[in-house]
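Single-structure report; data block below.
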Amino acid sequence: MKNIMKARDCIRKKYSAIFLFLAVAVLVLVLRNMEVLETPSQFQHEVNSTIIAPRVSTDPDVHRSFCTFQPLSPKDAVEERLLLDSIAWPETPLLPAPLILEQTSDPAHSTFTILPGRGGGQWHIGDQLEVRINMSDFQGRPKKSGGDLLLARLHNQKLGAGVAGEVVDHLNGSYSAVFSLLWEGDAQVEVMLAHPSEAITVLKRLNSQEPDRIGFKSLFRSGSISETTICNVCLRPTQQPQCNHTDLRTGEPWFCYKPKNLSCDARINQAMTHYKGNLRTNEEKLFQSGVNMKVYIRASGPASVTVLPKKEGQPQVESNIVKVGPSGYYYQGVWQALGGTTVRQFNVSAISQCLKGKVVHMHGDSTIRQFFEFLNARLPDLKEFDLHSQSQIGPFMALDYANNILVKFRFHGPPIQSVHVSNSKLRYIANEIDGLIGGTDTVVVFGIWAHFRTYPVQIYIRRLQSIRRAVVQLLDRAPGTLVVIRTGNPRDLSLINSDWHSLQCYKVLRTMFKGLNVHLINAWEMVLAHHLPHNVHPPPPIIKNMINVLLSYTCPQKGG
C-alpha cells in the first residue's frame with residue numbers, strides 16, 4: 001500500500017511539473033503576440049513590432065487586418081451593422097483586367113424621359129414629377145445592372161428656384177428620379193452622372209484595401225535630435241515598432257512608426273505627405289471629368305414641364321417609389337424649409353441681435369470654418385483675436401464686446417489632410433463638447449466628413465458614435481443648449497474626392513442623429529438644389545442661406 005501511495009505522489013509531481021511547464025510556455029507565446037505597451041504618458045504608447053501580416057481576403061472588412069479598433073459595445077456593434085446594411089451599394093459585375101472602358105456607363109449614350117403625369121399631362125403645384133433614366137455603355141448598349149451614382153435636380157434659373165430629386169436604382173440599368181413640384185411656371189429637369197458604377201467598384205476596393213493611400217508624417221523632436229516618421233489611422237505591419245497615439249477617452253485611433261532614437265512622447269506635429277492612386281490598368285479612365293464624372297445626361301424628349309397653380313381641393317399626390325420628400329427648396333435664391341423651423345432672412349443688425357449674449361462653438365472641418373469666416377466678415381463689431389494660428393486650421397476666436405458675442409472655431413482631430421498641424425492643437429470634437437458647460441446661451445455647431453474620404457466608413461461611424469455620446473451627455477446636463485449639425489455636400493470631383501463617399505457620410509450622419517434634440521443644416525440638398533457648381537466649399541450665396549438656417553434655429557420665429 002505504501003508503494004502504491006509513493007507511486008501516486010511521484011506521478012502527481014511529474015504531471016504537475018509538466019502542467020507548469022506548459023502553462024509557462026503558453027504564457028510566453030501570449031506575451032510574444034500581445035501588444036506590449038510602454039506608457040510614457042496618458043495618450044501615447046509604444047507597441048512592439050510583432051505584427052501579423054494581413055491575410056489576403058475578399059471580405060469587405062479586410063481593412064480590419066491592419067486597422068486597430070477598440071471593441072464596440074453590443075449596442076454600438078449592432079448599430080454599425082445596421083448602418084452598413086442601410087448604405088450598402090448595389091453589387092456590380094467584376095471588372096475585367098485590364099479594364100475595358102467601352103463596357104462601362106457612358107452619360108453621352110444614356111437618356112432620361114419625363115413620364116406622363118397622373119392628371120393627363122398637366123402638372124400642378126403639389127404633384128410629383130417622375131423621370132425614367134436609362135443607362136448605356138460607350139457602345140450604346142443598355143446596361144443590365146445598377147450602381148451608377150446619379151444626381152438629379154429640378155430648377156428654374158429665372159425664378160432662382162431649385163429642388164433636389166430623389167433617385168431610385170432599379171438594379172437593371174434603369175433608374176427613377178422623383179421631384180416635388182413646388183413653384184408655378186417652368187421646371188427644368190437635370191440629371192447628372194457623378195460616378196459610373198464601375199468607378200464605385202474601384203472606390204470601394206480602395207477604401208477597403210488601401211485606407212492608407214493618403215499619407216501622413218509626424219516630426220519627433222527632443223533637444224537637437226529630430227526624426228520624421230509615417231503616421232495614419234491605419235499603419236501597415238512592418239518590423240518597425242509603432243507609437244499608439246489613440247485617444248483614450250474617445251478611442252479614436254492614430255499611429256506612427258516609432259522613431260529610432262526618440263520616445264513616442266516627442267511627437268510635435270503632423271502633416272499630409274502624399275496621395276497614391278493605387279489603380280489597376282486603365283482604371284484611371286473611370287475618373288475623367290467631362291467624360292464620365294459629373295456629366296449631364298440628355299433628355300429623350302422634353303426636358304421641362306410647366307407647373308400650374310395648385311387645384312382647389314387637390315389631393316396630395318405621393319410617389320409609389322419615394323416616401324420621403326425634400327427638406328427644402330430654393331425660391332428667388334432663398335432657401336425655404338419644408339416642415340420644421342421657418343427659415344428667416346437675417347441682415348447684419350438681425351444677426352447681432354440674434355447672437356447677443358451667446359457663445360458659438362464651431363467644430364469640424366473647413367466647411368464649418370466657412371461659417372466662422374462668414375460671420376467674422378459680415379459683422380463689423382465682431383473682432384477676431386489673433387491667436388497666431390495657422391490660416392487653415394485655427395483655432396480662431398472673435399469677440400463682439402458690446403453685444404457679448406463670442407464665436408470660436410477649432411478643427412477636428414486627425415485625420416486632417418492639410419499642412420503641418422501642431423500636436424498641441426489636435427482636439428477631438430467629442431472631448432471638446434465634453435468640456436462645455438452648456439446652457440441657453442450656448443450654440444454648438446459641428447460638421448465632419450470631408451477628411452474621411454479614403455477610409456472604410458466604419459471609421460467615420462465610430463467617430464460619430466463618440467461625438468453623439470458627448471452630445472447626449474451635453475443635452476442631459478444642459479437641455480437648453482442648441483446643437484446644430486452640418487451635413488456633407490456634393491463636391492468637385494477627382495479620384496480622391498468622390499460624391500459616393502460624401503453621400504455615404506450624409507446618410508450615416510442623418511440616421512445616427514435622428515430622434516435627438518439636434519438640428520440639421522442639410523448641406524447635401526442645399527448644394528444639389530442650387531445652380532452654382534458643386535464645390536467642397538460652397539460659394540457665398542449658399543453659405544449665406546446656411547447661415548440663415550443656423551440663425552433660424554438659434555432665434556426661431558415666434559409660432560414657427
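Each chain in the C-alpha cells gets a letter, A, B, ..., in the order shown, and its residues are numbered from 1; ligands are numbered from 1 in order too.
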
For this session: Just the residues within 12 Å of Val163 of chain A, please, counting only C-alpha atoms, with nothing from its chain fewer than 5 positions along; format it as number ranges by chain.
Result: A: 128-129, 151-157, 178-183, 187-190, 325-331, 333-338, 524-531

Tell me, counting only C-alpha atoms, for each residue of segment 518-542 of chain A within 12 Å of segment 433-455 of chain A, which pair of atoms is nearest and how far apart they are in Å to one decimal, in rows ordered by chain and increasing number, as a Markdown table.
| residue | atom | partner | partner_atom | distance |
| --- | --- | --- | --- | --- |
| A:Val518 | CA | A:Val444 | CA | 9.8 |
| A:His519 | CA | A:Val445 | CA | 9.5 |
| A:Leu520 | CA | A:Val445 | CA | 9.7 |
| A:Ile521 | CA | A:Gly447 | CA | 9.5 |
| A:Asn522 | CA | A:Gly447 | CA | 10.9 |
| A:Ala523 | CA | A:Gly447 | CA | 10.1 |
| A:Trp524 | CA | A:Trp449 | CA | 11.8 |
| A:Asn535 | CA | A:Ala450 | CA | 11.5 |
| A:Val536 | CA | A:Ala450 | CA | 7.9 |
| A:His537 | CA | A:Ala450 | CA | 10.3 |

Put those residues in a file: C-alpha atoms, as an mmCIF file, in the first residue's frame.
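New file part_12.cif:
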data_model
loop_
_atom_site.group_PDB
_atom_site.id
_atom_site.type_symbol
_atom_site.label_atom_id
_atom_site.label_comp_id
_atom_site.auth_asym_id
_atom_site.auth_seq_id
_atom_site.Cartn_x
_atom_site.Cartn_y
_atom_site.Cartn_z
ATOM 1 C CA VAL A 518 -30.414 68.466 -32.562
ATOM 2 C CA HIS A 519 -30.928 70.385 -35.806
ATOM 3 C CA LEU A 520 -29.516 69.702 -39.263
ATOM 4 C CA ILE A 521 -28.252 72.043 -41.937
ATOM 5 C CA ASN A 522 -28.904 69.839 -44.954
ATOM 6 C CA ALA A 523 -25.905 70.917 -46.984
ATOM 7 C CA TRP A 524 -26.343 67.968 -49.355
ATOM 8 C CA ASN A 535 -17.603 72.555 -54.578
ATOM 9 C CA VAL A 536 -16.401 71.170 -51.255
ATOM 10 C CA HIS A 537 -16.554 74.813 -50.114
#

For this session: Would you mind telling me which residue in A:Asn423, A:Gln209, A:Ser222, A:Ser304 lies nearest to Arg236 of chain A when using only C-alpha atoms?
Result: A:Gln209

Problem set entry | Option closest in space to Leu83 of chain A, from A:Cys505, A:Ser218, A:Gln557, A:Asn545 [counting only C-alpha atoms] |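 Using only C-alpha atoms, the shortest distance to Leu83 of chain A belongs to A:Cys505.
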
For this session: Apply DSSP to the structure's backbone, then extract all residues of segment 97-279 of chain A labelled helix (DSSP H, G or I) and return them as a list in words.
Result: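 The helix (DSSP H, G or I) subset of segment 97-279 of chain A is Leu101, Glu102, Gln103, Pro107, Ala108, His109, Ser197, Glu198, Ala199, Ile200, Thr201, Val202, Leu203, Lys204, Arg205, Leu206, Asn207, Ser208, Gln209, Cys264, Asp265 and Ala266 of chain A.
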
Grab the residues selected above and save them as an mmCIF file, in the first residue's frame with C-alpha atoms.
data_model
loop_
_atom_site.group_PDB
_atom_site.id
_atom_site.type_symbol
_atom_site.label_atom_id
_atom_site.label_comp_id
_atom_site.auth_asym_id
_atom_site.auth_seq_id
_atom_site.Cartn_x
_atom_site.Cartn_y
_atom_site.Cartn_z
ATOM 1 C CA LEU A 101 -13.882 51.496 -70.927
ATOM 2 C CA GLU A 102 -16.303 50.752 -73.762
ATOM 3 C CA GLN A 103 -18.245 48.396 -71.488
ATOM 4 C CA PRO A 107 -23.544 59.548 -69.973
ATOM 5 C CA ALA A 108 -23.371 60.522 -73.662
ATOM 6 C CA HIS A 109 -25.237 57.353 -74.688
ATOM 7 C CA SER A 197 -20.922 52.009 -61.251
ATOM 8 C CA GLU A 198 -17.519 50.722 -62.331
ATOM 9 C CA ALA A 199 -15.804 53.708 -60.672
ATOM 10 C CA ILE A 200 -17.628 52.984 -57.417
ATOM 11 C CA THR A 201 -16.397 49.390 -57.589
ATOM 12 C CA VAL A 202 -12.854 50.817 -57.671
ATOM 13 C CA LEU A 203 -13.546 53.298 -54.856
ATOM 14 C CA LYS A 204 -14.992 50.548 -52.659
ATOM 15 C CA ARG A 205 -11.911 48.407 -53.213
ATOM 16 C CA LEU A 206 -9.524 51.282 -52.493
ATOM 17 C CA ASN A 207 -11.307 52.339 -49.297
ATOM 18 C CA SER A 208 -11.375 48.746 -48.077
ATOM 19 C CA GLN A 209 -7.911 47.559 -49.085
ATOM 20 C CA CYS A 264 6.688 58.428 -28.587
ATOM 21 C CA ASP A 265 6.206 61.457 -26.312
ATOM 22 C CA ALA A 266 8.479 63.523 -28.563
#

Do you know which residues are at most 12 Å from Arg81 of chain A counting only C-alpha atoms, after dropping those on the same chain fewer than 3 positions away, and could you put them as a PDB file with C-alpha atoms, in the first residue's frame?
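The result, written out as out-v4.pdb:
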ATOM      1  CA  ASP A  61     -13.901  44.139 -43.801  1.00  0.00           C
ATOM      2  CA  LEU A  72     -17.623  48.156 -29.615  1.00  0.00           C
ATOM      3  CA  PRO A  74     -23.011  45.171 -28.261  1.00  0.00           C
ATOM      4  CA  LYS A  75     -25.429  48.047 -28.918  1.00  0.00           C
ATOM      5  CA  ASP A  76     -22.899  50.022 -30.992  1.00  0.00           C
ATOM      6  CA  ALA A  77     -21.865  46.889 -32.889  1.00  0.00           C
ATOM      7  CA  VAL A  78     -25.483  46.216 -33.875  1.00  0.00           C
ATOM      8  CA  LEU A  84     -23.552  49.370 -43.138  1.00  0.00           C
ATOM      9  CA  ASP A  85     -26.547  47.440 -44.421  1.00  0.00           C
ATOM     10  CA  SER A  86     -28.523  50.660 -44.967  1.00  0.00           C
ATOM     11  CA  ILE A  87     -25.830  52.231 -47.161  1.00  0.00           C
ATOM     12  CA  ALA A  88     -24.755  49.039 -48.927  1.00  0.00           C
ATOM     13  CA  VAL A 457     -16.927  54.014 -43.483  1.00  0.00           C
ATOM     14  CA  GLN A 458     -16.629  52.150 -40.162  1.00  0.00           C
ATOM     15  CA  ILE A 461     -19.295  55.689 -37.948  1.00  0.00           C
ATOM     16  CA  ARG A 462     -17.132  55.267 -34.851  1.00  0.00           C
ATOM     17  CA  VAL A 508     -24.899  57.780 -41.922  1.00  0.00           C
TER      18      VAL A 508
END

Problem set entry | atom CA of His195 of chain A to atom CA of Leu95 of chain A, straight-line distance in Å |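 Going from atom CA of Leu95 of chain A over to atom CA of His195 of chain A, I get 15.1 Å.
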
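Restricting the calculation to only C-alpha atoms, the smallest distance between Ser498 of chain A and any of A:His420, A:Phe112, A:His534, A:His361 is found for A:His534.
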
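One finds atom CA of Gly515 of chain A at 15.5 Å from atom CA of Ala470 of chain A.
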
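Nearest residue to Phe385 of chain A among A:Arg344, A:Lys507, A:Arg369, A:Lys408 is A:Lys408, counting only C-alpha atoms.
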
Problem set entry | DSSP strand (DSSP E or B) residues within segment 79-201 of chain A, as a ChimeraX atom specification | /A:105,111-114,123-124,128-134,136-137,142,149-156,161-164,166-169,174-180,185-195

Exercise. Which one of A:Arg267, A:Lys514, A:Arg132, A:Arg469 sits closest to Ala177 of chain A if you count only C-alpha atoms?
Worked result: A:Arg132

Problem set entry | From A:Gly480, A:Pro98, A:Gly126, A:Pro90, residue lying nearest Lys311 of chain A [only C-alpha atoms] |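 Closest candidate: A:Gly126.
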
For this session: May I have the residues within 10 Å of segment 426-430 of chain A as a ChimeraX atom specification, using only C-alpha atoms and disregarding those fewer than 2 positions away in the same chain?
Result: /A:247,249-250,252,269-270,362-364,393,395,410-416,421-424,432-435,446-448,463-471

For this session: Extract, using only C-alpha atoms, all DNA, RNA and protein residues at most 6 Å from Met192 of chain A, discarding same-chain residues fewer than 3 positions from it, and format them as a PyMOL selection string.
Result: chain A and resi 150-151+295-297
